[in-house]
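Input: a single structure, listed below in structure tokens.
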Amino acid sequence: MLPIARGIYSGLANITRSSRGALHTASALRCKAEEAGEAKDEESTEGDGEDSSSGSAPDPKDRSKAIPVETSMRYLKSAAYKQTYGEDFVWTQYRRNHKGMYAPRKTRKTCIRQNRISTGNPCPICRDEYLVLDYRNTELLEQFISPHSGDVLSYSKTGLCQKSHLRLMVAVQQARDSGYLTYDVPFREYDYSEYYGQEQKQKA
């Protein structure tokens, strides 16, 4: 009878140990779930605090808000613009940031990606959100046009990114087509004696 009693006792001991382990794992899972819920609550409260702080201080790299052309035209005549740029053009004091002694042949493709400034040294147009390239904003467009030849200045001189330079070219062409910007038509010389000679021969 002694071996049978030992078997029964060992079986009961194994059952109690397994039940204790199951209870322990269940309590551990419950504690982990509670900790995860508390962490989520803390993250949500921190996110709300960041949202409130961002509402008070806007992100300077955010470019999701579209500035009207009229606002940009008023900005060019304001005291803030005079204090920032003085009597110089918007691209005069700009210097490109590049590696090595010599600058690359082309500027960067764009300064803004996903409605945010993605570089530490954006071009003169991308760094100031109130500089809007539009065919009606002639005061800004004239800063990028050579007074001698009437052509648009190269991006190697102004430092504009490729996307802003393309927008500048389109805006200048639209302004010329709409009559906002005047330009000189090149004079062409013709030898009218050839045409007049043919007319005289036909009359004779």
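Identifiers for the structure tokens are assigned positionally: chains receive A, B, ... in sequence, residues are indexed from 1 per chain, and ligands are indexed from 1 in the order shown.
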Select from region 113-156 of chain A every residue with an atom at most 7 Å from any atom of region 168-190 of chain A, then for each give the shortest pair of atoms and their distance in Å to one decimal, using only C-alpha atoms, rows by chain and rising number, as JSON lines.
{"residue": "A:Leu133", "atom": "CA", "partner": "A:Leu168", "partner_atom": "CA", "distance": 6.2}
{"residue": "A:Asp134", "atom": "CA", "partner": "A:Ala171", "partner_atom": "CA", "distance": 5.3}
{"residue": "A:Tyr135", "atom": "CA", "partner": "A:Ala175", "partner_atom": "CA", "distance": 4.5}
{"residue": "A:Arg136", "atom": "CA", "partner": "A:Ala175", "partner_atom": "CA", "distance": 6.7}
{"residue": "A:Thr138", "atom": "CA", "partner": "A:Tyr180", "partner_atom": "CA", "distance": 7.0}
{"residue": "A:Leu141", "atom": "CA", "partner": "A:Val172", "partner_atom": "CA", "distance": 6.7}
{"residue": "A:Gly150", "atom": "CA", "partner": "A:Tyr183", "partner_atom": "CA", "distance": 6.7}
How would you write, as a list in words, the set of residues in region 113-159 of chain A that DSSP gives as strand (DSSP E or B)?
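Across region 113-159 of chain A, those assigned strand (DSSP E or B) are Arg113, Arg116, Ile117, Ile145 and Val152 of chain A.
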Those same residues, written as a short mmCIF file (atom, residue, chain, number, x, y, z; two decimals), in the first residue's frame with N, CA, C and O atoms?
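Listed below is the output, part25.cif:
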data_model
loop_
_atom_site.label_atom_id
_atom_site.label_comp_id
_atom_site.auth_asym_id
_atom_site.auth_seq_id
_atom_site.Cartn_x
_atom_site.Cartn_y
_atom_site.Cartn_z
N ARG A 113 9.84 68.62 -48.54
CA ARG A 113 9.32 67.28 -48.79
C ARG A 113 8.24 66.96 -47.76
O ARG A 113 8.48 67.14 -46.57
N ARG A 116 7.22 69.83 -45.38
CA ARG A 116 8.16 70.23 -44.34
C ARG A 116 9.52 70.50 -44.97
O ARG A 116 9.89 69.87 -45.95
N ILE A 117 10.25 71.45 -44.39
CA ILE A 117 11.60 71.74 -44.85
C ILE A 117 12.51 70.58 -44.46
O ILE A 117 12.63 70.26 -43.27
N ILE A 145 15.31 88.81 -62.27
CA ILE A 145 15.46 89.11 -63.70
C ILE A 145 16.63 90.06 -63.88
O ILE A 145 16.75 91.06 -63.16
N VAL A 152 16.01 85.54 -66.97
CA VAL A 152 15.96 85.08 -65.58
C VAL A 152 17.34 84.66 -65.14
O VAL A 152 18.06 83.95 -65.86
#
How close does region 61-82 of chain A get to region 86-99 of chain A? List, as a Markdown table, each residue of region 61-82 of chain A within 12 Å, its nearest atom pair and the distance in Å to one decimal, counting only C-alpha atoms.
| residue | atom | partner | partner_atom | distance |
| --- | --- | --- | --- | --- |
| A:Leu76 | CA | A:Val90 | CA | 10.3 |
| A:Lys77 | CA | A:Gly86 | CA | 11.2 |
| A:Ser78 | CA | A:Gly86 | CA | 11.0 |
| A:Ala79 | CA | A:Gly86 | CA | 9.4 |
| A:Ala80 | CA | A:Gly86 | CA | 9.4 |
| A:Tyr81 | CA | A:Gly86 | CA | 7.2 |
| A:Lys82 | CA | A:Gly86 | CA | 4.5 |
Output all heavy atoms of each residue in that selection to a file, as a short mmCIF file (atom, residue, chain, number, x, y, z; two decimals), in the first residue's frame.
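again-v2.cif was written with the following content:
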data_model
loop_
_atom_site.label_atom_id
_atom_site.label_comp_id
_atom_site.auth_asym_id
_atom_site.auth_seq_id
_atom_site.Cartn_x
_atom_site.Cartn_y
_atom_site.Cartn_z
N LEU A 76 6.01 92.24 -48.90
CA LEU A 76 7.15 92.87 -49.56
C LEU A 76 7.22 94.37 -49.30
O LEU A 76 8.28 94.98 -49.48
CB LEU A 76 7.10 92.60 -51.06
CG LEU A 76 7.30 91.15 -51.50
CD1 LEU A 76 7.09 91.01 -52.99
CD2 LEU A 76 8.68 90.66 -51.11
N LYS A 77 6.12 94.96 -48.89
CA LYS A 77 6.09 96.39 -48.60
C LYS A 77 6.05 96.68 -47.10
O LYS A 77 5.89 97.84 -46.72
CB LYS A 77 4.86 97.02 -49.27
CG LYS A 77 4.87 96.89 -50.78
CD LYS A 77 3.62 97.48 -51.39
CE LYS A 77 3.62 97.31 -52.91
NZ LYS A 77 2.39 97.87 -53.53
N SER A 78 6.18 95.67 -46.28
CA SER A 78 6.05 95.84 -44.84
C SER A 78 7.40 96.18 -44.21
O SER A 78 8.47 96.05 -44.83
CB SER A 78 5.49 94.57 -44.21
OG SER A 78 6.40 93.49 -44.39
N ALA A 79 7.33 96.59 -42.93
CA ALA A 79 8.55 96.90 -42.19
C ALA A 79 9.32 95.64 -41.82
O ALA A 79 10.55 95.68 -41.69
CB ALA A 79 8.20 97.68 -40.93
N ALA A 80 8.64 94.51 -41.66
CA ALA A 80 9.31 93.24 -41.35
C ALA A 80 10.22 92.82 -42.50
O ALA A 80 11.34 92.33 -42.26
CB ALA A 80 8.29 92.16 -41.06
N TYR A 81 9.76 93.02 -43.72
CA TYR A 81 10.60 92.68 -44.88
C TYR A 81 11.82 93.60 -44.95
O TYR A 81 12.94 93.15 -45.22
CB TYR A 81 9.77 92.78 -46.16
CG TYR A 81 10.57 92.57 -47.42
CD1 TYR A 81 10.84 91.28 -47.88
CD2 TYR A 81 11.06 93.64 -48.16
CE1 TYR A 81 11.57 91.07 -49.03
CE2 TYR A 81 11.79 93.44 -49.30
CZ TYR A 81 12.06 92.16 -49.74
OH TYR A 81 12.79 91.96 -50.88
N LYS A 82 11.62 94.87 -44.69
CA LYS A 82 12.74 95.81 -44.71
C LYS A 82 13.75 95.49 -43.62
O LYS A 82 14.97 95.61 -43.82
CB LYS A 82 12.22 97.24 -44.54
CG LYS A 82 11.34 97.73 -45.67
CD LYS A 82 12.11 97.84 -46.97
CE LYS A 82 11.22 98.39 -48.08
NZ LYS A 82 11.96 98.46 -49.38
#
CA of Tyr102 (chain A) and CA of Pro147 (chain A) are how many Å apart?
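CA of Tyr102 (chain A) sits 27.8 Å away from CA of Pro147 (chain A).
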Can you tell me which residues surround Ser118 (chain A) at a distance of at most 10 Å, considering only C-alpha atoms, apart from same-chain residues fewer than 5 positions away, and format the answer as a ChimeraX atom specification?
/A:61-62,110-113
For those residues, write N, CA and C atoms to a file as an mmCIF file, in the first residue's frame.
data_model
loop_
_atom_site.group_PDB
_atom_site.id
_atom_site.type_symbol
_atom_site.label_atom_id
_atom_site.label_comp_id
_atom_site.auth_asym_id
_atom_site.auth_seq_id
_atom_site.Cartn_x
_atom_site.Cartn_y
_atom_site.Cartn_z
ATOM 1 N N LYS A 61 9.334 74.878 -39.622
ATOM 2 C CA LYS A 61 9.603 74.083 -40.816
ATOM 3 C C LYS A 61 8.339 73.586 -41.505
ATOM 4 N N ASP A 62 7.198 73.901 -40.964
ATOM 5 C CA ASP A 62 5.933 73.461 -41.541
ATOM 6 C C ASP A 62 5.576 74.352 -42.721
ATOM 7 N N THR A 110 14.880 69.879 -54.331
ATOM 8 C CA THR A 110 13.834 70.603 -53.616
ATOM 9 C C THR A 110 14.230 70.739 -52.154
ATOM 10 N N CYS A 111 13.689 71.751 -51.508
ATOM 11 C CA CYS A 111 13.950 71.966 -50.079
ATOM 12 C C CYS A 111 12.802 71.482 -49.211
ATOM 13 N N ILE A 112 11.633 71.245 -49.801
ATOM 14 C CA ILE A 112 10.434 70.891 -49.045
ATOM 15 C C ILE A 112 9.974 69.512 -49.491
ATOM 16 N N ARG A 113 9.835 68.619 -48.536
ATOM 17 C CA ARG A 113 9.318 67.277 -48.794
ATOM 18 C C ARG A 113 8.244 66.960 -47.764
#
Neighbour list for Tyr75 (chain A) as a short mmCIF file (atom, residue, chain, number, x, y, z; two decimals) with N, CA, C and O atoms, in the first residue's frame, cut-off 12 Å, only C-alpha atoms, skip fewer than 6 positions in-chain:
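Just written: result_25.cif:
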data_model
loop_
_atom_site.label_atom_id
_atom_site.label_comp_id
_atom_site.auth_asym_id
_atom_site.auth_seq_id
_atom_site.Cartn_x
_atom_site.Cartn_y
_atom_site.Cartn_z
N ILE A 67 0.01 80.33 -48.35
CA ILE A 67 -0.04 81.77 -48.13
C ILE A 67 -0.63 82.43 -49.38
O ILE A 67 -0.15 82.18 -50.50
N PRO A 68 -1.65 83.27 -49.27
CA PRO A 68 -2.21 83.94 -50.45
C PRO A 68 -1.20 84.90 -51.08
O PRO A 68 -0.29 85.40 -50.42
N VAL A 69 -1.41 85.16 -52.37
CA VAL A 69 -0.50 86.05 -53.09
C VAL A 69 -0.64 87.48 -52.57
O VAL A 69 0.35 88.22 -52.49
N TYR A 81 9.76 93.02 -43.72
CA TYR A 81 10.60 92.68 -44.88
C TYR A 81 11.82 93.60 -44.95
O TYR A 81 12.94 93.15 -45.22
N LYS A 82 11.62 94.87 -44.69
CA LYS A 82 12.74 95.81 -44.71
C LYS A 82 13.75 95.49 -43.62
O LYS A 82 14.97 95.61 -43.82
N GLN A 83 13.27 95.08 -42.48
CA GLN A 83 14.17 94.73 -41.38
C GLN A 83 14.94 93.46 -41.68
O GLN A 83 16.10 93.31 -41.27
N THR A 84 14.33 92.53 -42.39
CA THR A 84 14.98 91.25 -42.68
C THR A 84 15.98 91.35 -43.82
O THR A 84 17.11 90.88 -43.72
N TYR A 85 15.57 91.97 -44.92
CA TYR A 85 16.41 92.00 -46.13
C TYR A 85 17.00 93.37 -46.43
O TYR A 85 17.96 93.45 -47.21
N ASP A 128 11.56 81.34 -46.60
CA ASP A 128 10.59 82.36 -46.19
C ASP A 128 9.25 82.00 -46.80
O ASP A 128 9.07 82.07 -48.02
N GLU A 129 8.31 81.58 -45.97
CA GLU A 129 7.03 81.12 -46.47
C GLU A 129 6.17 82.22 -47.06
O GLU A 129 5.21 81.95 -47.78
N TYR A 130 6.52 83.48 -46.78
CA TYR A 130 5.73 84.60 -47.30
C TYR A 130 6.23 85.09 -48.65
O TYR A 130 5.69 86.06 -49.18
N LEU A 131 7.23 84.45 -49.22
CA LEU A 131 7.68 84.76 -50.57
C LEU A 131 7.01 83.79 -51.52
O LEU A 131 7.44 82.64 -51.68
N VAL A 132 5.94 84.23 -52.15
CA VAL A 132 5.13 83.37 -53.01
C VAL A 132 5.43 83.71 -54.46
O VAL A 132 5.33 84.88 -54.87
N ASN A 137 2.81 88.70 -58.56
CA ASN A 137 3.77 89.24 -57.60
C ASN A 137 5.01 89.72 -58.36
O ASN A 137 6.09 89.13 -58.28
N GLU A 139 6.86 92.40 -58.04
CA GLU A 139 7.96 92.98 -57.25
C GLU A 139 8.96 91.91 -56.84
O GLU A 139 10.16 92.17 -56.76
N LEU A 140 8.48 90.71 -56.58
CA LEU A 140 9.38 89.60 -56.25
C LEU A 140 10.03 89.02 -57.49
O LEU A 140 11.21 88.66 -57.48
#
What is the CA of Pro58 (chain A)-CA of Arg167 (chain A) distance in Å, reported with one decimal?
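Computing the Euclidean distance for CA of Pro58 (chain A) and CA of Arg167 (chain A) yields 26.3 Å.
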